file structure.txt (compact mmCIF, C-alpha atoms and all ligand atoms)
# COMPACT_ATOMS: atom_id res chain seq x y z
CA MET I 4 106.21 80.45 65.24
CA ASN I 5 106.37 83.27 62.69
CA SER I 6 106.77 86.92 63.60
CA HIS I 7 103.07 87.63 63.03
CA ASP I 8 102.05 84.96 65.58
CA LEU I 9 104.65 86.27 68.01
CA LYS I 10 103.24 89.80 67.70
CA THR I 11 99.65 88.59 68.13
CA ASP I 12 100.58 86.57 71.20
CA SER I 13 102.50 89.51 72.62
CA VAL I 14 99.52 91.87 72.28
CA ALA I 15 97.21 89.21 73.73
CA LEU I 16 99.43 88.82 76.79
CA TYR I 17 99.58 92.56 77.37
CA GLN I 18 95.78 92.78 76.96
CA GLU I 19 95.45 89.99 79.50
CA ALA I 20 97.64 91.86 82.01
CA ILE I 21 95.71 95.12 81.67
CA ALA I 22 92.37 93.28 81.82
CA GLN I 23 93.48 91.53 85.01
CA VAL I 24 94.38 94.84 86.68
CA HIS I 25 90.98 96.24 85.63
CA ALA I 26 89.17 93.24 87.07
CA LEU I 27 91.10 93.51 90.35
CA LEU I 28 90.36 97.25 90.59
CA ASP I 29 86.67 96.52 90.10
CA GLU I 30 86.87 93.87 92.81
CA ALA I 31 88.69 96.30 95.13
CA ARG I 32 86.07 99.00 94.49
CA ALA I 33 83.42 96.57 95.72
CA THR I 34 85.18 96.26 99.11
CA ASP I 35 85.13 98.87 101.90
CA ASP I 36 88.53 100.20 100.79
CA ARG I 37 88.24 104.01 100.92
CA GLU I 38 90.90 104.52 98.26
CA PRO I 39 90.96 101.40 96.07
CA ASN I 40 92.81 103.31 93.34
CA ALA I 41 95.55 104.66 95.64
CA MET I 42 99.00 103.60 94.53
CA THR I 43 102.55 104.23 95.62
CA LEU I 44 104.53 106.01 92.94
CA ALA I 45 108.32 105.80 93.10
CA THR I 46 110.49 108.18 91.11
CA ALA I 47 114.20 108.97 91.06
CA ASP I 48 116.15 112.17 90.61
CA ALA I 49 119.09 112.60 88.28
CA ARG I 50 121.48 111.39 90.99
CA GLY I 51 119.50 108.22 91.65
CA ARG I 52 117.87 109.29 94.91
CA ILE I 53 114.44 107.66 95.17
CA SER I 54 111.19 109.19 96.42
CA ALA I 55 107.84 107.48 96.94
CA ARG I 56 104.39 108.90 97.60
CA THR I 57 100.75 107.98 97.09
CA VAL I 58 98.79 109.14 94.04
CA LEU I 59 95.43 108.06 92.63
CA LEU I 60 95.17 105.91 89.53
CA LYS I 61 92.73 107.78 87.29
CA GLY I 62 93.05 106.00 83.96
CA LEU I 63 94.10 102.57 82.76
CA ASP I 64 94.06 101.19 79.25
CA MET I 65 96.48 99.69 76.75
CA ARG I 66 98.38 103.00 76.74
CA GLY I 67 99.22 102.68 80.43
CA PHE I 68 98.49 103.94 83.95
CA VAL I 69 97.44 107.60 84.34
CA PHE I 70 97.66 109.83 87.40
CA TYR I 71 97.25 113.59 87.80
CA THR I 72 99.43 116.02 89.66
CA ASN I 73 101.22 119.37 89.67
CA TYR I 74 103.81 119.74 86.90
CA ASP I 75 105.88 121.99 89.22
CA SER I 76 105.94 119.49 92.10
CA ALA I 77 108.95 117.61 93.42
CA LYS I 78 107.82 114.46 91.62
CA ALA I 79 107.48 116.38 88.36
CA ALA I 80 111.06 117.66 88.68
CA GLN I 81 112.20 114.09 89.23
CA LEU I 82 110.20 112.83 86.27
CA ALA I 83 111.70 115.54 84.05
CA ALA I 84 115.19 114.49 85.10
CA HIS I 85 114.47 110.77 84.99
CA PRO I 86 111.29 109.84 83.09
CA GLN I 87 110.90 106.37 84.54
CA ALA I 88 108.81 105.27 87.49
CA ALA I 89 107.41 102.34 89.40
CA LEU I 90 103.99 102.03 90.95
CA CYS I 91 102.42 99.68 93.42
CA LEU I 92 98.78 99.07 94.36
CA HIS I 93 98.02 97.04 97.47
CA TRP I 94 94.62 95.78 98.52
CA LYS I 95 94.97 94.32 102.02
CA ASN I 96 91.39 93.10 102.32
CA LEU I 97 90.93 91.73 98.83
CA ARG I 98 90.91 87.92 98.93
CA ASP I 99 94.12 87.08 100.87
CA GLY I 100 95.83 90.31 99.90
CA ILE I 101 96.71 91.40 96.38
CA GLN I 102 99.48 93.61 95.06
CA VAL I 103 99.95 94.99 91.56
CA ARG I 104 103.30 96.43 90.51
CA ALA I 105 104.16 98.19 87.28
CA GLU I 106 107.34 99.77 85.96
CA GLY I 107 108.10 101.71 82.83
CA VAL I 108 108.68 105.04 81.18
CA ILE I 109 106.65 108.14 81.98
CA GLU I 110 105.10 110.53 79.48
CA LYS I 111 102.77 113.47 79.96
CA ALA I 112 99.10 112.85 79.20
CA SER I 113 97.74 114.88 76.28
CA VAL I 114 96.40 118.38 76.90
CA GLU I 115 92.93 117.15 75.83
CA GLU I 116 93.06 114.29 78.32
CA SER I 117 94.14 116.56 81.18
CA ASP I 118 91.50 119.16 80.24
CA ALA I 119 88.76 116.53 80.20
CA TYR I 120 89.75 115.08 83.56
CA PHE I 121 90.19 118.52 85.17
CA ALA I 122 86.73 119.55 83.96
CA SER I 123 85.26 116.46 85.66
CA ARG I 124 86.70 117.35 89.10
CA PRO I 125 84.73 119.04 91.87
CA ARG I 126 85.06 122.83 91.78
CA ALA I 127 86.86 122.91 95.16
CA SER I 128 89.55 120.58 93.79
CA GLN I 129 89.88 122.75 90.69
CA ILE I 130 90.40 125.81 92.89
CA GLY I 131 92.90 123.87 94.97
CA ALA I 132 94.92 123.01 91.89
CA TRP I 133 95.42 126.73 91.25
CA ALA I 134 96.00 127.64 94.88
CA SER I 135 98.53 124.98 95.81
CA LEU I 136 102.20 125.43 94.99
CA GLN I 137 102.65 121.71 95.50
CA SER I 138 105.89 120.70 97.26
CA GLN I 139 107.02 124.31 97.86
CA THR I 140 107.53 125.71 101.36
CA LEU I 141 104.35 127.04 102.96
CA ALA I 142 105.13 129.61 105.65
CA GLU I 143 101.78 129.16 107.39
CA ARG I 144 98.38 127.62 106.66
CA GLY I 145 96.77 131.06 106.35
CA GLU I 146 98.85 131.71 103.24
CA LEU I 147 97.19 128.76 101.48
CA ASP I 148 93.73 129.83 102.65
CA ALA I 149 94.37 133.33 101.25
CA ARG I 150 95.43 131.86 97.91
CA VAL I 151 92.23 129.76 97.81
CA ASP I 152 90.15 132.90 98.52
CA GLU I 153 91.95 134.78 95.77
CA VAL I 154 91.35 132.02 93.19
CA GLU I 155 87.69 131.76 94.22
CA ARG I 156 87.30 135.50 93.62
CA ARG I 157 89.12 135.31 90.29
CA TYR I 158 86.80 132.63 88.90
CA ALA I 159 83.57 133.67 90.64
CA GLY I 160 80.60 132.90 88.42
CA GLN I 161 82.66 131.17 85.76
CA ALA I 162 84.20 127.79 85.01
CA VAL I 163 87.66 127.17 86.45
CA PRO I 164 90.12 126.49 83.62
CA ARG I 165 92.85 123.88 84.02
CA PRO I 166 96.05 125.47 85.31
CA PRO I 167 98.92 125.01 82.85
CA HIS I 168 100.97 123.56 85.71
CA TRP I 169 98.49 120.77 86.42
CA GLY I 170 97.87 117.62 84.39
CA GLY I 171 98.38 113.95 83.86
CA TYR I 172 101.28 111.59 83.53
CA ARG I 173 101.10 108.15 81.99
CA LEU I 174 103.31 105.28 83.05
CA VAL I 175 103.78 103.16 79.93
CA PRO I 176 104.58 99.77 81.44
CA ASP I 177 107.27 97.36 80.40
CA MET I 178 106.58 95.20 83.47
CA ILE I 179 103.37 94.35 85.31
CA GLU I 180 103.37 91.92 88.22
CA LEU I 181 100.33 90.51 89.97
CA TRP I 182 100.85 89.13 93.46
CA PHE I 183 98.20 87.01 95.15
CA GLY I 184 98.56 86.20 98.85
CA GLN I 185 98.50 82.46 99.57
CA ARG I 186 98.88 80.25 102.65
CA ALA I 187 102.24 79.85 104.40
CA ARG I 188 103.62 82.79 102.43
CA LEU I 189 103.72 80.63 99.30
CA HIS I 190 102.20 83.47 97.32
CA ASP I 191 101.42 83.42 93.62
CA ARG I 192 103.34 85.87 91.48
CA VAL I 193 102.66 86.39 87.79
CA CYS I 194 105.06 88.64 85.91
CA TYR I 195 104.28 90.13 82.51
CA GLU I 196 107.37 91.67 80.99
CA LEU I 197 108.32 93.29 77.71
CA VAL I 198 111.48 91.54 76.53
CA ASP I 199 112.98 92.58 73.18
CA ASP I 200 109.64 94.21 72.24
CA VAL I 201 107.64 91.06 72.99
CA TRP I 202 105.38 90.62 76.04
CA THR I 203 106.19 87.51 78.03
CA LYS I 204 104.52 85.90 81.03
CA ARG I 205 106.17 83.82 83.72
CA LEU I 206 105.67 82.85 87.32
CA LEU I 207 108.07 84.02 90.02
CA TYR I 208 109.00 82.35 93.28
CA PRO I 209 107.34 84.18 96.15
C1 LIG I 301 95.41 108.62 99.39
C2 LIG I 301 96.25 109.72 98.76
C3 LIG I 301 96.03 110.07 97.44
C4 LIG I 301 96.79 111.06 96.83
N1 LIG I 301 96.57 111.34 95.51
C5 LIG I 301 97.35 112.25 94.90
C6 LIG I 301 97.23 112.48 93.49
O1 LIG I 301 96.44 111.84 92.78
N2 LIG I 301 98.01 113.44 92.93
C7 LIG I 301 98.92 114.16 93.66
O2 LIG I 301 99.59 115.01 93.10
N3 LIG I 301 99.09 113.94 94.98
C8 LIG I 301 98.33 113.01 95.61
N4 LIG I 301 98.50 112.76 96.95
C9 LIG I 301 99.56 113.55 97.68
C10 LIG I 301 100.91 112.95 97.39
O3 LIG I 301 101.10 111.76 98.15
C11 LIG I 301 102.08 113.91 97.66
O4 LIG I 301 101.99 114.41 98.98
C12 LIG I 301 102.08 115.10 96.71
O5 LIG I 301 101.75 114.69 95.38
C13 LIG I 301 103.46 115.78 96.67
O6 LIG I 301 104.42 114.84 96.27
P1 LIG I 301 105.87 115.31 95.75
O7 LIG I 301 106.36 116.37 96.70
O8 LIG I 301 106.72 114.08 95.77
O9 LIG I 301 105.68 115.85 94.35
C14 LIG I 301 97.78 111.76 97.58
C15 LIG I 301 98.01 111.38 98.91
C16 LIG I 301 97.27 110.38 99.50
C17 LIG I 301 97.56 109.98 100.92
call {"tool": "encode", "arguments": {"input": "structure.txt", "output": "structure tokens"}}
result
Amino acid sequence: MNSHDLKTDSVALYQEAIAQVHALLDEARATDDREPNAMTLATADARGRISARTVLLKGLDMRGFVFYTNYDSAKAAQLAAHPQAALCLHWKNLRDGIQVRAEGVIEKASVEESDAYFASRPRASQIGAWASLQSQTLAERGELDARVDEVERRYAGQAVPRPPHWGGYRLVPDMIELWFGQRARLHDRVCYELVDDVWTKRLLYP
């Protein structure tokens, strides 16, 4: 096989992986799952301590998996120190249970992308993005309510701009694994992995 064929096959495999995740998300959206795009995001700090939390998958294409958050949050500090992450989606009620895992490097989404997504959010969420000092100590709930009131007054009668400390991150995958629950715990696992710049596909023992 020449290098051109190898490259074409590699892109085709990656396209297949992304298309599969899209198809599964669509399937999950058709179930009664309240948060079909909720995913666990694991990050590590500079010393290797791991944190995990749920975020919502808001974009998926050949560039990777996008989620939005506060750039001053604990996760953002971890991602600045260690720009790699892992994510995991789990749909309990889809077929016999399906899990999608992805790992890779993290980059910030473009300003245009974050602006466009922020503009599409409900106004209350936009206000919340300004009011919340995500992951910082909150002395009492009333302090947050007061901050919300202040932001509402500030932007009364006008559009709420995107806060500079709020935007997207993109996980650019070098590994995507699809896990399909099967009988007797003999589950199907399909692993797409970037090896020496070429996407590969193999099955894994359950
Ligand atoms: C279903 C669900 C969806 C969530 N989606 C997001 C999200 O998209 N972005 C976000 O910043 N936090 C989201 N959160 C809150 C995070 O889990 C977490 O509490 C917050 O981001 C602070 O995390 P950190 O201190 O590690 O930065 C979500 C929580 C749940 C339970």
call {"tool": "atom_distance", "arguments": {"input": "structure.txt", "atom1": "CA of Leu28 in chain I", "atom2": "atom C13 of ligand LIG 301 (chain I)"}}
result
23.5 Å
call {"tool": "residues_around", "arguments": {"input": "structure.txt", "residues": "range 31-41 of chain I", "least_positions_apart": "4", "cutoff": "8 Å", "atoms": "all atoms listed in the file", "output": "PyMOL selection string"}}
result
chain I and resi 27+57-61+92+94+96-97
call {"tool": "atom_distance", "arguments": {"input": "structure.txt", "atom1": "CA of Arg188 in chain I", "atom2": "CA of Tyr17 in chain I"}}
result
27.2 Å
call {"tool": "residues_near_ligand", "arguments": {"input": "structure.txt", "ligand": "ligand LIG 301 (chain I)", "cutoff": "9 Å", "atoms": "only C-alpha atoms and all ligand atoms", "output": "ChimeraX atom specification"}}
result
/I:37-38,40-46,54-61,70-81,137-139,169
call {"tool": "write_last_selection", "arguments": {"input": "structure.txt", "atoms": "C-alpha atoms", "output": "short mmCIF file (atom, residue, chain, number, x, y, z; two decimals), in the coordinates of the input"}}
result
data_model
loop_
_atom_site.label_atom_id
_atom_site.label_comp_id
_atom_site.auth_asym_id
_atom_site.auth_seq_id
_atom_site.Cartn_x
_atom_site.Cartn_y
_atom_site.Cartn_z
CA ARG I 37 88.24 104.01 100.92
CA GLU I 38 90.90 104.52 98.26
CA ASN I 40 92.81 103.31 93.34
CA ALA I 41 95.55 104.66 95.64
CA MET I 42 99.00 103.60 94.53
CA THR I 43 102.55 104.23 95.62
CA LEU I 44 104.53 106.01 92.94
CA ALA I 45 108.32 105.80 93.10
CA THR I 46 110.49 108.18 91.11
CA SER I 54 111.19 109.19 96.42
CA ALA I 55 107.84 107.48 96.94
CA ARG I 56 104.39 108.90 97.60
CA THR I 57 100.75 107.98 97.09
CA VAL I 58 98.79 109.14 94.04
CA LEU I 59 95.43 108.06 92.63
CA LEU I 60 95.17 105.91 89.53
CA LYS I 61 92.73 107.78 87.29
CA PHE I 70 97.66 109.83 87.40
CA TYR I 71 97.25 113.59 87.80
CA THR I 72 99.43 116.02 89.66
CA ASN I 73 101.22 119.37 89.67
CA TYR I 74 103.81 119.74 86.90
CA ASP I 75 105.88 121.99 89.22
CA SER I 76 105.94 119.49 92.10
CA ALA I 77 108.95 117.61 93.42
CA LYS I 78 107.82 114.46 91.62
CA ALA I 79 107.48 116.38 88.36
CA ALA I 80 111.06 117.66 88.68
CA GLN I 81 112.20 114.09 89.23
CA GLN I 137 102.65 121.71 95.50
CA SER I 138 105.89 120.70 97.26
CA GLN I 139 107.02 124.31 97.86
CA TRP I 169 98.49 120.77 86.42
#
call {"tool": "atom_distance", "arguments": {"input": "structure.txt", "atom1": "CA of Met65 in chain I", "atom2": "CA of Pro176 in chain I"}}
result
9.4 Å
call {"tool": "residues_around", "arguments": {"input": "structure.txt", "residues": "Arg165 in chain I", "least_positions_apart": "6", "cutoff": "9 Å", "atoms": "only C-alpha atoms", "output": "ChimeraX atom specification"}}
result
/I:117-118,121-122,129,132-133
call {"tool": "decode", "arguments": {"input": "structure.txt", "residues": "range 138-152 of chain I", "atoms": "N, CA, C and O atoms", "output": "compact mmCIF listing (two decimals), in the first residue's frame"}}
result
# COMPACT_ATOMS: atom_id res chain seq x y z
N SER I 138 -16.06 27.43 40.51
CA SER I 138 -15.08 26.68 41.31
C SER I 138 -14.46 27.50 42.44
O SER I 138 -13.67 26.98 43.22
N GLN I 139 -14.80 28.79 42.56
CA GLN I 139 -14.30 29.57 43.70
C GLN I 139 -15.24 29.43 44.89
O GLN I 139 -16.41 29.05 44.74
N THR I 140 -14.74 29.74 46.08
CA THR I 140 -15.55 29.61 47.29
C THR I 140 -16.69 30.62 47.29
O THR I 140 -16.47 31.81 47.02
N LEU I 141 -17.89 30.13 47.58
CA LEU I 141 -19.08 30.99 47.69
C LEU I 141 -19.47 31.03 49.16
O LEU I 141 -19.80 30.00 49.75
N ALA I 142 -19.41 32.21 49.76
CA ALA I 142 -19.66 32.31 51.20
C ALA I 142 -21.09 31.92 51.54
O ALA I 142 -21.34 31.22 52.51
N GLU I 143 -22.03 32.40 50.73
CA GLU I 143 -23.43 32.03 50.94
C GLU I 143 -24.18 32.23 49.64
O GLU I 143 -23.78 33.04 48.79
N ARG I 144 -25.29 31.53 49.49
CA ARG I 144 -26.07 31.56 48.24
C ARG I 144 -26.48 32.99 47.85
O ARG I 144 -26.50 33.36 46.68
N GLY I 145 -26.79 33.80 48.86
CA GLY I 145 -27.24 35.17 48.61
C GLY I 145 -26.22 35.98 47.81
O GLY I 145 -26.58 36.89 47.05
N GLU I 146 -24.95 35.65 47.99
CA GLU I 146 -23.88 36.35 47.27
C GLU I 146 -24.03 36.11 45.76
O GLU I 146 -23.88 37.04 44.96
N LEU I 147 -24.34 34.88 45.38
CA LEU I 147 -24.54 34.55 43.97
C LEU I 147 -25.78 35.26 43.43
O LEU I 147 -25.75 35.86 42.34
N ASP I 148 -26.86 35.23 44.22
CA ASP I 148 -28.10 35.89 43.78
C ASP I 148 -27.85 37.38 43.56
O ASP I 148 -28.34 37.96 42.59
N ALA I 149 -27.07 38.00 44.43
CA ALA I 149 -26.77 39.43 44.30
C ALA I 149 -25.96 39.68 43.03
O ALA I 149 -26.16 40.68 42.33
N ARG I 150 -25.05 38.79 42.73
CA ARG I 150 -24.24 38.94 41.51
C ARG I 150 -25.14 38.82 40.26
O ARG I 150 -24.97 39.55 39.30
N VAL I 151 -26.10 37.87 40.32
CA VAL I 151 -27.03 37.71 39.19
C VAL I 151 -27.83 39.01 39.01
O VAL I 151 -27.96 39.52 37.88
N ASP I 152 -28.33 39.57 40.13
CA ASP I 152 -29.11 40.82 40.05
C ASP I 152 -28.28 41.93 39.43
O ASP I 152 -28.76 42.70 38.59
